[in-house]
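What follows is my_file.tsv (TSV, C-alpha atoms).
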```tsv
chain	number	residue	atom	x	y	z
A	1	MET	CA	74.96	106.91	86.49
A	2	ARG	CA	76.41	110.14	85.17
A	3	ASP	CA	79.48	111.76	86.55
A	4	THR	CA	79.21	115.01	88.51
A	5	PRO	CA	79.57	117.94	86.08
A	6	LEU	CA	81.93	120.83	86.66
A	7	SER	CA	80.53	124.12	87.86
A	8	ASN	CA	81.15	127.37	86.01
A	9	CYS	CA	83.45	128.57	88.80
A	10	GLU	CA	85.63	125.44	88.54
A	11	ARG	CA	85.73	125.70	84.75
A	12	ASP	CA	86.77	129.36	84.84
A	13	PHE	CA	89.36	128.65	87.53
A	14	ILE	CA	90.98	125.83	85.51
A	15	LEU	CA	91.05	127.88	82.32
A	16	LYS	CA	92.50	130.88	84.15
A	17	ALA	CA	95.23	128.68	85.65
A	18	ILE	CA	96.09	127.24	82.21
A	19	GLU	CA	96.39	130.77	80.79
A	20	GLU	CA	98.92	131.51	83.54
A	21	LYS	CA	100.77	128.26	82.71
A	22	LYS	CA	99.78	126.62	85.98
A	23	ARG	CA	98.13	123.25	86.63
A	24	LEU	CA	96.04	121.89	89.48
A	25	ASP	CA	98.63	119.34	90.63
A	26	GLY	CA	101.64	121.68	90.35
A	27	ARG	CA	103.07	120.23	87.12
A	28	GLN	CA	104.54	122.16	84.25
A	29	THR	CA	102.95	122.29	80.81
A	30	TYR	CA	104.87	119.34	79.32
A	31	ASP	CA	105.27	117.22	82.47
A	32	TYR	CA	103.87	113.72	82.91
A	33	ARG	CA	102.51	112.46	86.19
A	34	ASN	CA	104.54	109.91	88.16
A	35	ILE	CA	104.46	106.56	86.35
A	36	LYS	CA	104.90	103.35	88.35
A	37	ILE	CA	105.04	99.90	86.80
A	38	SER	CA	104.63	96.70	88.81
A	39	PHE	CA	104.07	93.09	87.86
A	40	GLY	CA	101.89	90.27	89.14
A	41	THR	CA	102.87	86.75	90.15
A	42	ASP	CA	102.24	85.26	86.71
A	43	PHE	CA	103.92	86.32	83.50
A	44	GLY	CA	101.91	88.85	81.54
A	45	CYS	CA	100.24	90.59	84.48
A	46	CYS	CA	101.11	94.28	84.72
A	47	PHE	CA	99.90	97.24	86.82
A	48	VAL	CA	100.49	100.82	85.68
A	49	ASP	CA	99.92	103.83	87.92
A	50	MET	CA	99.88	107.23	86.23
A	51	GLY	CA	99.09	109.62	89.04
A	52	LYS	CA	95.70	108.44	90.31
A	53	THR	CA	94.88	106.63	87.07
A	54	ARG	CA	95.43	102.88	87.62
A	55	VAL	CA	95.28	100.20	84.91
A	56	MET	CA	95.82	96.43	84.97
A	57	ALA	CA	96.70	94.39	81.86
A	58	GLN	CA	96.63	90.58	81.64
A	59	VAL	CA	97.91	88.58	78.65
A	60	SER	CA	96.77	85.02	77.89
A	61	CYS	CA	97.14	82.64	74.95
A	62	GLU	CA	95.44	79.62	73.38
A	63	LEU	CA	95.77	77.45	70.27
A	64	ILE	CA	93.13	78.11	67.60
A	65	THR	CA	92.60	77.64	63.87
A	66	PRO	CA	94.07	80.55	61.84
A	67	LYS	CA	92.21	82.66	59.31
A	68	GLU	CA	91.97	81.35	55.76
A	69	ASN	CA	93.58	84.38	54.16
A	70	ARG	CA	96.48	84.33	56.70
A	71	PRO	CA	97.25	80.67	57.52
A	72	ASN	CA	100.74	81.40	58.90
A	73	ASP	CA	99.94	84.39	61.13
A	74	GLY	CA	98.86	84.34	64.73
A	75	ILE	CA	95.98	86.45	66.03
A	76	MET	CA	96.11	89.44	68.36
A	77	PHE	CA	92.96	90.28	70.31
A	78	PHE	CA	92.48	93.32	72.55
A	79	ASN	CA	89.72	93.90	75.09
A	80	ILE	CA	89.28	96.92	77.37
A	81	GLU	CA	86.96	96.76	80.38
A	82	LEU	CA	85.61	99.96	81.94
A	83	SER	CA	84.07	98.99	85.26
A	84	PRO	CA	81.97	101.24	87.55
A	85	MET	CA	84.66	100.72	90.20
A	86	ALA	CA	86.90	103.11	88.27
A	87	SER	CA	84.35	105.89	87.81
A	88	PRO	CA	80.59	106.35	88.39
A	89	ALA	CA	80.28	107.45	84.75
A	90	PHE	CA	81.01	103.88	83.53
A	91	GLU	CA	78.25	101.27	83.28
A	92	SER	CA	78.89	97.54	83.45
A	93	GLY	CA	77.79	95.30	80.58
A	94	ARG	CA	77.39	98.13	78.05
A	95	GLN	CA	79.79	99.32	75.39
A	96	SER	CA	80.23	103.07	75.65
A	97	GLU	CA	81.71	105.39	73.05
A	98	LEU	CA	84.84	105.76	75.15
A	99	MET	CA	85.35	101.98	75.29
A	100	VAL	CA	85.02	101.61	71.51
A	101	LYS	CA	87.35	104.56	70.95
A	102	LEU	CA	90.02	103.13	73.27
A	103	ASN	CA	89.77	99.67	71.65
A	104	ARG	CA	90.22	101.04	68.16
A	105	GLN	CA	93.11	103.27	69.16
A	106	LEU	CA	94.86	100.39	70.95
A	107	GLU	CA	94.46	98.14	67.91
A	108	ARG	CA	95.94	100.82	65.66
A	109	CYS	CA	98.77	101.36	68.09
A	110	LEU	CA	99.81	97.71	68.59
A	111	ARG	CA	98.30	95.52	65.87
A	112	ASN	CA	98.51	97.78	62.82
A	113	SER	CA	102.01	98.96	63.72
A	114	LYS	CA	103.26	95.33	63.42
A	115	CYS	CA	105.17	95.63	66.69
A	116	ILE	CA	104.79	91.86	67.34
A	117	ASP	CA	105.94	89.12	64.97
A	118	THR	CA	102.70	87.25	64.32
A	119	GLU	CA	104.39	84.65	62.08
A	120	SER	CA	106.34	83.37	65.09
A	121	LEU	CA	102.99	82.45	66.66
A	122	CYS	CA	102.30	79.82	64.00
A	123	VAL	CA	102.54	76.18	65.17
A	124	VAL	CA	101.14	74.22	62.21
A	125	SER	CA	100.46	76.16	59.00
A	126	GLY	CA	96.74	76.39	58.35
A	127	GLU	CA	95.83	74.34	61.44
A	128	LYS	CA	97.24	75.66	64.72
A	129	VAL	CA	98.34	79.16	65.65
A	130	TRP	CA	98.57	81.05	68.93
A	131	GLN	CA	95.97	83.64	69.75
A	132	ILE	CA	97.35	86.31	72.09
A	133	ARG	CA	94.59	88.00	74.11
A	134	VAL	CA	95.24	91.26	75.98
A	135	ASP	CA	92.63	92.17	78.61
A	136	VAL	CA	92.94	95.66	80.04
A	137	HIS	CA	90.95	96.54	83.16
A	138	LEU	CA	90.60	100.11	84.35
A	139	LEU	CA	90.84	100.23	88.15
A	140	ASN	CA	90.69	104.00	88.69
A	141	HIS	CA	89.99	106.85	86.29
A	142	ASP	CA	91.69	110.24	86.64
A	143	GLY	CA	92.23	111.20	83.02
A	144	ASN	CA	94.50	110.21	80.09
A	145	LEU	CA	93.31	106.61	79.82
A	146	MET	CA	94.85	105.98	76.39
A	147	ASP	CA	98.42	106.59	77.53
A	148	ALA	CA	98.02	104.36	80.59
A	149	VAL	CA	96.35	101.60	78.52
A	150	SER	CA	99.07	101.62	75.85
A	151	ILE	CA	101.87	101.48	78.46
A	152	ALA	CA	100.17	98.65	80.35
A	153	ALA	CA	99.46	96.62	77.18
A	154	ILE	CA	102.96	96.80	75.67
A	155	THR	CA	104.58	96.14	79.06
A	156	ALA	CA	102.38	93.11	79.67
A	157	LEU	CA	103.18	91.76	76.18
A	158	SER	CA	106.92	92.21	76.82
A	159	HIS	CA	106.58	90.46	80.18
A	160	PHE	CA	104.46	87.57	78.84
A	161	ARG	CA	105.86	84.06	78.23
A	162	ARG	CA	103.96	81.52	76.12
A	163	PRO	CA	104.40	77.78	76.71
A	164	ASP	CA	106.69	75.77	74.46
A	165	VAL	CA	105.21	73.43	71.87
A	166	GLY	CA	106.42	70.08	70.49
A	167	ILE	CA	105.23	68.57	67.19
A	168	GLN	CA	105.39	64.84	66.39
A	169	GLY	CA	103.67	64.08	63.11
A	170	GLU	CA	100.15	65.41	63.48
A	171	ASP	CA	100.24	65.56	67.29
A	172	VAL	CA	100.90	68.89	68.99
A	173	THR	CA	102.13	68.78	72.59
A	174	VAL	CA	102.01	71.85	74.83
A	175	TYR	CA	104.62	71.64	77.57
A	176	SER	CA	104.11	73.11	81.00
A	177	THR	CA	106.51	75.52	82.67
A	178	GLU	CA	107.95	72.67	84.79
A	179	GLU	CA	108.83	70.63	81.71
A	180	ARG	CA	110.21	73.40	79.53
A	181	ASP	CA	110.94	77.08	79.97
A	182	PRO	CA	108.27	79.35	78.47
A	183	ILE	CA	109.15	81.42	75.40
A	184	PRO	CA	108.80	85.23	75.26
A	185	LEU	CA	107.10	86.99	72.37
A	186	SER	CA	109.23	88.51	69.62
A	187	ILE	CA	108.63	92.28	69.83
A	188	TYR	CA	110.17	94.59	67.24
A	189	HIS	CA	109.46	97.94	68.91
A	190	MET	CA	107.32	99.49	71.65
A	191	PRO	CA	104.70	101.95	70.39
A	192	ILE	CA	103.49	104.24	73.18
A	193	SER	CA	100.67	106.76	72.98
A	194	VAL	CA	101.14	110.39	74.10
A	195	SER	CA	98.07	112.62	74.55
A	196	PHE	CA	97.91	116.40	74.08
A	197	ALA	CA	95.00	118.55	75.25
A	198	PHE	CA	94.20	121.85	73.52
A	199	PHE	CA	92.36	124.77	75.13
A	200	GLN	CA	90.71	127.89	73.68
A	201	GLN	CA	90.80	126.63	70.09
A	202	GLY	CA	94.42	125.48	70.16
A	203	THR	CA	95.91	128.51	71.90
A	204	TYR	CA	97.17	126.53	74.91
A	205	LEU	CA	98.63	123.01	75.00
A	206	LEU	CA	99.01	120.48	77.86
A	207	VAL	CA	100.59	117.03	78.03
A	208	ASP	CA	98.96	114.20	80.04
A	209	PRO	CA	95.68	115.95	80.97
A	210	CYS	CA	93.92	114.88	84.17
A	211	ASP	CA	90.19	114.25	84.47
A	212	ARG	CA	89.21	117.86	85.25
A	213	GLU	CA	91.39	119.19	82.44
A	214	GLU	CA	89.79	116.75	79.98
A	215	ARG	CA	86.33	118.12	80.83
A	216	VAL	CA	87.43	121.67	80.00
A	217	MET	CA	89.55	120.98	76.91
A	218	ASP	CA	88.41	121.83	73.37
A	219	GLY	CA	90.30	119.08	71.56
A	220	LEU	CA	92.59	116.06	72.02
A	221	LEU	CA	95.50	114.81	69.92
A	222	MET	CA	96.89	111.29	70.47
A	223	ILE	CA	100.19	110.31	68.84
A	224	ALA	CA	101.52	106.74	69.07
A	225	MET	CA	105.28	106.61	68.49
A	226	ASN	CA	108.25	104.38	69.26
A	227	LYS	CA	111.70	105.36	70.44
A	228	HIS	CA	112.97	105.37	66.83
A	229	ARG	CA	110.69	108.42	66.18
A	230	GLU	CA	108.39	106.40	63.93
A	231	ILE	CA	104.75	107.49	64.18
A	232	CYS	CA	102.55	104.39	64.45
A	233	SER	CA	99.17	106.13	64.65
A	234	ILE	CA	97.73	109.60	65.13
A	235	GLN	CA	94.20	110.64	65.98
A	236	SER	CA	92.56	114.01	66.64
A	237	SER	CA	89.19	114.50	68.33
A	238	GLY	CA	87.15	117.44	69.53
A	239	GLY	CA	86.50	119.23	66.25
A	240	ILE	CA	89.29	121.81	66.39
A	241	MET	CA	91.49	122.78	63.45
A	242	LEU	CA	95.20	122.18	64.08
A	243	LEU	CA	97.95	123.78	62.08
A	244	LYS	CA	100.91	121.94	60.62
A	245	ASP	CA	103.32	123.63	63.02
A	246	GLN	CA	101.23	122.51	66.01
A	247	VAL	CA	101.28	118.86	64.90
A	248	LEU	CA	105.04	118.94	64.29
A	249	ARG	CA	105.59	120.53	67.69
A	250	CYS	CA	103.51	117.81	69.36
A	251	SER	CA	105.44	115.08	67.53
A	252	LYS	CA	108.75	116.46	68.80
A	253	ILE	CA	107.47	116.52	72.36
A	254	ALA	CA	106.08	112.99	71.95
A	255	SER	CA	109.45	111.65	70.78
A	256	VAL	CA	111.11	112.85	73.99
A	257	LYS	CA	108.35	111.46	76.23
A	258	VAL	CA	108.30	108.09	74.41
A	259	SER	CA	112.04	107.60	74.86
A	260	GLU	CA	111.73	108.32	78.61
A	261	ILE	CA	108.79	105.92	79.05
A	262	THR	CA	110.51	103.18	77.01
A	263	GLU	CA	113.57	103.41	79.23
A	264	LEU	CA	111.33	103.18	82.30
A	265	ILE	CA	109.63	100.03	80.93
A	266	SER	CA	112.94	98.35	80.12
A	267	LYS	CA	114.26	99.06	83.63
A	268	ALA	CA	111.12	97.65	85.22
A	269	LEU	CA	111.41	94.46	83.12
A	270	GLU	CA	115.09	94.02	84.02
A	271	ASN	CA	114.41	94.46	87.73
A	272	ASP	CA	111.59	91.92	87.64
A	273	LYS	CA	113.78	89.45	85.74
A	274	LYS	CA	116.56	89.77	88.33
A	275	ILE	CA	114.15	89.30	91.24
A	276	ARG	CA	112.57	86.19	89.68
A	277	LYS	CA	115.98	84.72	88.85
A	278	ALA	CA	117.21	85.30	92.41
A	279	GLY	CA	114.10	83.66	93.82
A	280	GLY	CA	112.84	86.82	95.53
A	281	ARG	CA	109.29	87.84	96.20
A	282	CYS	CA	107.27	89.11	93.25
A	283	GLY	CA	103.70	89.89	92.40
A	284	PHE	CA	101.14	90.27	95.17
A	285	ALA	CA	103.57	89.47	97.99
A	286	GLU	CA	106.07	92.03	96.67
A	287	SER	CA	103.43	94.74	96.31
A	288	MET	CA	102.24	94.49	99.93
A	289	PRO	CA	104.96	96.51	101.72
A	290	GLN	CA	105.08	99.14	98.98
A	291	ASP	CA	101.31	99.87	99.10
A	292	ARG	CA	100.76	99.14	95.44
A	293	ILE	CA	97.41	97.43	95.98
A	294	THR	CA	95.32	100.51	96.70
A	295	ALA	CA	94.15	102.67	93.83
A	296	LEU	CA	94.35	106.00	95.70
A	297	LYS	CA	97.57	106.85	97.51
A	298	THR	CA	98.98	110.00	99.02
A	299	HIS	CA	102.29	111.21	97.62
A	300	GLU	CA	104.66	113.45	99.50
A	301	SER	CA	105.26	116.72	97.67
A	302	PRO	CA	108.68	118.40	98.07
A	303	VAL	CA	108.70	121.78	99.80
A	304	GLU	CA	111.56	124.29	99.63
A	305	MET	CA	112.95	124.92	103.13
A	306	THR	CA	116.05	126.98	102.28
A	307	ASP	CA	114.84	130.51	103.09
A	308	VAL	CA	112.41	129.63	105.88
A	309	GLU	CA	114.25	131.48	108.67
A	310	GLU	CA	114.71	134.66	106.61
A	311	LYS	CA	111.06	134.70	105.57
A	312	ALA	CA	109.97	134.11	109.17
A	313	LYS	CA	112.05	137.08	110.35
A	314	GLU	CA	110.56	139.29	107.64
A	315	ILE	CA	107.04	138.30	108.66
A	316	VAL	CA	107.79	139.04	112.33
A	317	LEU	CA	109.22	142.45	111.48
A	318	ARG	CA	106.25	143.36	109.31
A	319	ALA	CA	103.75	142.30	112.01
A	320	GLU	CA	102.20	145.04	114.18
A	321	LEU	CA	103.03	145.25	117.87
A	322	PRO	CA	100.21	144.23	120.27
A	323	HIS	CA	98.36	146.97	122.14
A	324	PRO	CA	99.61	147.57	125.72
A	325	THR	CA	97.23	146.28	128.40
A	326	VAL	CA	96.06	148.45	131.33
A	327	PRO	CA	96.49	146.53	134.64
A	328	SER	CA	94.25	148.82	136.77
A	329	PRO	CA	91.82	150.95	134.76
A	330	VAL	CA	90.49	154.18	136.35
A	331	LEU	CA	86.72	154.43	136.32
A	332	PRO	CA	85.44	158.00	135.88
A	333	GLY	CA	82.25	157.35	137.88
A	334	PRO	CA	79.55	154.84	138.71
A	335	GLY	CA	77.26	153.76	135.95
A	336	THR	CA	79.88	154.30	133.23
A	337	GLY	CA	81.91	151.81	131.18
A	338	LEU	CA	85.34	151.60	129.52
A	339	VAL	CA	85.51	149.52	126.34
A	340	GLY	CA	88.89	148.32	125.01
A	341	GLU	CA	91.48	145.56	125.11
A	342	GLY	CA	92.72	144.92	128.68
A	343	LEU	CA	90.02	147.11	130.34
A	344	HIS	CA	87.29	145.84	132.66
A	345	SER	CA	83.72	146.87	131.96
A	346	SER	CA	81.96	148.86	134.73
A	347	TRP	CA	78.49	149.00	133.29
A	348	GLY	CA	75.68	148.57	135.84
A	349	LEU	CA	77.51	149.30	139.11
A	350	GLU	CA	74.49	151.05	140.63
A	351	GLU	CA	72.20	148.26	139.49
A	352	GLU	CA	74.48	145.67	141.09
A	353	GLU	CA	74.36	147.56	144.43
A	354	GLU	CA	70.56	147.73	144.28
A	355	ASP	CA	70.43	144.04	143.42
A	356	GLU	CA	72.64	143.25	146.42
A	357	GLY	CA	70.29	145.22	148.79
A	358	GLU	CA	67.25	143.49	147.39
A	359	GLY	CA	68.98	140.14	147.79
A	360	GLU	CA	69.62	140.71	151.50
A	361	GLU	CA	65.97	141.66	152.13
A	362	GLU	CA	64.79	138.53	150.29
A	363	GLU	CA	67.06	136.35	152.44
A	364	GLN	CA	65.66	137.86	155.68
A	365	HIS	CA	62.11	137.38	154.46
A	366	ARG	CA	62.84	133.73	153.60
A	367	ALA	CA	64.33	133.16	157.10
A	368	GLU	CA	61.20	134.56	158.74
A	369	LYS	CA	59.01	132.35	156.59
A	370	THR	CA	61.01	129.27	157.58
A	371	SER	CA	60.77	130.18	161.28
A	372	ARG	CA	56.99	130.42	161.09
A	373	VAL	CA	55.21	127.10	161.41
A	374	ASP	CA	51.48	126.64	161.36
A	375	VAL	CA	50.30	124.68	164.44
A	376	VAL	CA	46.70	123.63	165.05
A	377	LEU	CA	45.50	122.81	168.67
A	378	ILE	CA	42.12	121.24	169.25
A	379	SER	CA	40.64	121.76	172.73
A	380	ASP	CA	38.63	119.18	174.64
A	381	SER	CA	35.81	121.62	175.56
A	382	ASP	CA	32.40	121.76	173.94
A	383	SER	CA	32.56	125.52	173.43
A	384	GLU	CA	32.48	127.31	170.16
A	385	GLU	CA	36.23	128.05	170.34
A	386	GLU	CA	37.51	124.66	169.17
A	387	GLU	CA	40.54	125.57	167.05
A	388	VAL	CA	43.46	127.83	167.82
A	389	VAL	CA	46.06	128.68	165.10
A	390	ILE	CA	49.55	129.86	166.10
A	391	LEU	CA	51.45	131.75	163.44
A	392	ASN	CA	54.70	132.47	165.27
A	393	GLN	CA	56.29	129.48	166.92
A	394	LYS	CA	58.66	131.41	169.20
A	395	ALA	CA	56.43	134.29	170.43
A	396	GLU	CA	53.11	132.49	170.56
A	397	THR	CA	54.14	129.23	172.30
A	398	LYS	CA	53.90	130.82	175.78
A	399	LYS	CA	50.52	132.45	175.02
A	400	ALA	CA	49.20	129.18	173.73
A	401	ALA	CA	50.20	127.38	176.92
A	402	ILE	CA	48.50	129.99	179.15
A	403	SER	CA	45.33	129.97	177.05
A	404	ASN	CA	45.21	126.20	177.20
A	405	GLN	CA	45.45	126.24	181.00
A	406	GLN	CA	42.65	128.85	181.24
A	407	MET	CA	40.46	126.85	178.91
A	408	ALA	CA	41.06	123.70	180.95
A	409	ALA	CA	40.18	125.53	184.20
A	410	ASP	CA	36.98	126.97	182.70
A	411	SER	CA	35.89	123.56	181.47
A	412	LYS	CA	36.39	122.02	184.92
A	413	SER	CA	34.39	124.80	186.58
A	414	LYS	CA	31.53	124.33	184.13
A	415	ARG	CA	31.43	120.57	184.79
A	416	GLN	CA	31.32	121.10	188.55
A	417	LYS	CA	28.42	123.55	188.16
A	418	LYS	CA	26.55	121.04	186.06
A	419	LYS	CA	27.02	118.29	188.68
A	420	LEU	CA	25.62	120.61	191.38
```

Write-out of the structure in structure tokens:
Amino acid sequence: MRDTPLSNCERDFILKAIEEKKRLDGRQTYDYRNIKISFGTDFGCCFVDMGKTRVMAQVSCELITPKENRPNDGIMFFNIELSPMASPAFESGRQSELMVKLNRQLERCLRNSKCIDTESLCVVSGEKVWQIRVDVHLLNHDGNLMDAVSIAAITALSHFRRPDVGIQGEDVTVYSTEERDPIPLSIYHMPISVSFAFFQQGTYLLVDPCDREERVMDGLLMIAMNKHREICSIQSSGGIMLLKDQVLRCSKIASVKVSEITELISKALENDKKIRKAGGRCGFAESMPQDRITALKTHESPVEMTDVEEKAKEIVLRAELPHPTVPSPVLPGPGTGLVGEGLHSSWGLEEEEEDEGEGEEEEQHRAEKTSRVDVVLISDSDSEEEEVVILNQKAETKKAAISNQQMAADSKSKRQKKKL
């Protein structure tokens, strides 16, 4: 599944903001996003949050046979997993170009820089050495993956403890954490990657680009450096030509950022060590109240509230006064209307009077209809006049009674004549 592309309006808006030295999240040109480092329950488990980008690194070890050309050196293995949970652009079970690129850059940054003493991982020369495996899982993608991956990997390696080993003749015994204290890895320095995004053929420069800025950028420069200002690796992508002054400027900025991130990592390791030594909560239980489990979190942004009252008064003074309302408007004549705020409309006064007169006539007509009831009387005589219909109940009831009496008298007289 491909990721949703940016529209031309979004692209032009981002480029216009970069020209004005503004960014979507309110940062300055050389500012990093907020970096948070937390650790899991076991040694070697590390979570790194860089804005909305979230990465987890897990370090493990096992005893294997060393390589023939290096019988006294341990083995470092790195694996990066890009799951569809982090972004819809990632596919599970397939190696993408981004995954291969991140793996190679991480190997150059950590393995080729010799930041870890691999000879200390040897147990028996030519037979048993430790293989240190670093698995990096991307939990959420919001740009600048390489920086987050390098921070998570070196922090997890510094936090990791391998089990102690005892050798008796040809037997190798691996002691558990209850029997002997685990041993940390010997790390010489901490190489950390810093990414620079270039726009409009190198005219504009940004540090720590987010996902939307990466889609618009023309080129990317990644510099891996330690706090001693030693460049461990450097890589440029995007096909843009960089000048010597631009690379030197980026290296100076990277040295400042690397020293700040290294100090942050060391503080996080010291705090975790103190908590574990004091027997406090760590790992999953410690991350619960601080909401470190979720990948997307809302951060409170500071707002300046110093000149709020003065600005409010200025806005009130600049505002226009409301129009005065007319409590009793004067109508010039029937059939006319006054349109305006606070005035009542008088359209259709004559029509309303005519409608009221017609309504009264309809009510009288309905009352007369309800008072009239159709009544049918069937006489007992054999004459042709068999049915009499009365339309008005009030006026015709008396006439009906008289006619009935006359009809009854006529019928009796006819019967008497027949009998005679």

(request) Find the residues around Ala57 (chain A) up to 6 Å (all atoms listed in the file counted), leave out those fewer than 3 positions away in its own chain, and share them as a PyMOL selection string. (result) chain A and resi 45-46+135-136+152-153

(request) Find the residues near Gly239 (chain A): any atom within 9 Å, counting all atoms listed in the file, skip ones fewer than 5 places away on the same chain, and give them as a list of chain:residue names. (result) A:Asp218, A:Gly219, A:Leu220

(request) Please identify all polymer residues within 8 Å of Gly202 (chain A), counting all atoms listed in the file, omitting same-chain residues fewer than 3 positions from it, and present them as number ranges by chain. (result) A: 198-199, 205, 218-219, 240-242

(request) Would you please work out which residue, of A:Pro5, A:Pro84, A:Gly44, A:Gly280, is nearest to Leu138 (chain A) when using only C-alpha atoms? (result)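 The closest residue to Leu138 (chain A) is A:Pro84.
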
(message) Applying 12 Å and all atoms listed in the file, which residues near Glu270 (chain A) remain after dropping the ones on its own chain fewer than 2 positions away? List them as a PyMOL selection string.
(response) chain A and resi 37-39+155+158-159+263-268+272-277

(request) Grab the CA of Glu81 (chain A) to CA of Phe47 (chain A) distance for me, in Å with one decimal place. (result) 14.5 Å

Using only the atoms of region 243-248 of chain A listed in the file, plus 5 Å on each side, state the axis-aligned box centre and edge lengths in Å rounded to one decimal, as AutoDock Vina command-line options.
```
--center_x 101.5 --center_y 121.3 --center_z 63.3 --size_x 17.1 --size_y 14.9 --size_z 15.4
```

Residues at most 7 Å from Arg111 (chain A), counting only C-alpha atoms, excluding those fewer than 4 positions away in the same chain, as a PDB file with C-alpha atoms, keeping the file's coordinate frame?
```
ATOM      1  CA  MET A  76      96.110  89.440  68.360  1.00  0.00           C
ATOM      2  CA  GLU A 107      94.460  98.140  67.910  1.00  0.00           C
ATOM      3  CA  CYS A 115     105.170  95.630  66.690  1.00  0.00           C
TER       4      CYS A 115
END
```

Rebuild N, CA, C and O atoms on region 30-43 of chain A, as a PDB file, keeping the file's coordinate frame?
```pdb
ATOM      1  N   TYR A  30     104.505 120.559  80.047  1.00  0.00           N
ATOM      2  CA  TYR A  30     104.870 119.340  79.320  1.00  0.00           C
ATOM      3  C   TYR A  30     105.268 118.195  80.261  1.00  0.00           C
ATOM      4  O   TYR A  30     105.952 117.256  79.825  1.00  0.00           O
ATOM      5  N   ASP A  31     104.867 118.245  81.501  1.00  0.00           N
ATOM      6  CA  ASP A  31     105.270 117.220  82.470  1.00  0.00           C
ATOM      7  C   ASP A  31     104.220 116.109  82.536  1.00  0.00           C
ATOM      8  O   ASP A  31     103.004 116.375  82.500  1.00  0.00           O
ATOM      9  N   TYR A  32     104.719 114.875  82.652  1.00  0.00           N
ATOM     10  CA  TYR A  32     103.870 113.720  82.910  1.00  0.00           C
ATOM     11  C   TYR A  32     103.701 113.536  84.420  1.00  0.00           C
ATOM     12  O   TYR A  32     104.515 114.008  85.215  1.00  0.00           O
ATOM     13  N   ARG A  33     102.643 112.857  84.793  1.00  0.00           N
ATOM     14  CA  ARG A  33     102.510 112.460  86.190  1.00  0.00           C
ATOM     15  C   ARG A  33     103.466 111.301  86.499  1.00  0.00           C
ATOM     16  O   ARG A  33     104.020 110.683  85.576  1.00  0.00           O
ATOM     17  N   ASN A  34     103.636 110.999  87.774  1.00  0.00           N
ATOM     18  CA  ASN A  34     104.540 109.910  88.160  1.00  0.00           C
ATOM     19  C   ASN A  34     103.994 108.577  87.640  1.00  0.00           C
ATOM     20  O   ASN A  34     102.841 108.223  87.896  1.00  0.00           O
ATOM     21  N   ILE A  35     104.841 107.856  86.927  1.00  0.00           N
ATOM     22  CA  ILE A  35     104.460 106.560  86.350  1.00  0.00           C
ATOM     23  C   ILE A  35     105.148 105.456  87.134  1.00  0.00           C
ATOM     24  O   ILE A  35     106.382 105.462  87.276  1.00  0.00           O
ATOM     25  N   LYS A  36     104.377 104.506  87.612  1.00  0.00           N
ATOM     26  CA  LYS A  36     104.900 103.350  88.350  1.00  0.00           C
ATOM     27  C   LYS A  36     104.421 102.078  87.664  1.00  0.00           C
ATOM     28  O   LYS A  36     103.230 101.939  87.360  1.00  0.00           O
ATOM     29  N   ILE A  37     105.336 101.164  87.467  1.00  0.00           N
ATOM     30  CA  ILE A  37     105.040  99.900  86.800  1.00  0.00           C
ATOM     31  C   ILE A  37     105.372  98.755  87.745  1.00  0.00           C
ATOM     32  O   ILE A  37     106.487  98.695  88.279  1.00  0.00           O
ATOM     33  N   SER A  38     104.413  97.880  87.967  1.00  0.00           N
ATOM     34  CA  SER A  38     104.630  96.700  88.810  1.00  0.00           C
ATOM     35  C   SER A  38     104.021  95.489  88.120  1.00  0.00           C
ATOM     36  O   SER A  38     103.151  95.628  87.243  1.00  0.00           O
ATOM     37  N   PHE A  39     104.472  94.322  88.526  1.00  0.00           N
ATOM     38  CA  PHE A  39     104.070  93.090  87.860  1.00  0.00           C
ATOM     39  C   PHE A  39     103.411  92.144  88.856  1.00  0.00           C
ATOM     40  O   PHE A  39     103.678  92.209  90.064  1.00  0.00           O
ATOM     41  N   GLY A  40     102.559  91.263  88.323  1.00  0.00           N
ATOM     42  CA  GLY A  40     101.890  90.270  89.140  1.00  0.00           C
ATOM     43  C   GLY A  40     102.736  89.014  89.304  1.00  0.00           C
ATOM     44  O   GLY A  40     103.896  88.947  88.884  1.00  0.00           O
ATOM     45  N   THR A  41     102.141  88.009  89.925  1.00  0.00           N
ATOM     46  CA  THR A  41     102.870  86.750  90.150  1.00  0.00           C
ATOM     47  C   THR A  41     103.115  86.008  88.850  1.00  0.00           C
ATOM     48  O   THR A  41     104.195  85.466  88.621  1.00  0.00           O
ATOM     49  N   ASP A  42     102.107  85.966  87.987  1.00  0.00           N
ATOM     50  CA  ASP A  42     102.240  85.260  86.710  1.00  0.00           C
ATOM     51  C   ASP A  42     102.850  86.174  85.661  1.00  0.00           C
ATOM     52  O   ASP A  42     102.796  87.405  85.769  1.00  0.00           O
ATOM     53  N   PHE A  43     103.392  85.547  84.632  1.00  0.00           N
ATOM     54  CA  PHE A  43     103.920  86.320  83.500  1.00  0.00           C
ATOM     55  C   PHE A  43     102.752  86.928  82.711  1.00  0.00           C
ATOM     56  O   PHE A  43     101.737  86.274  82.466  1.00  0.00           O
TER      57      PHE A  43
END
```
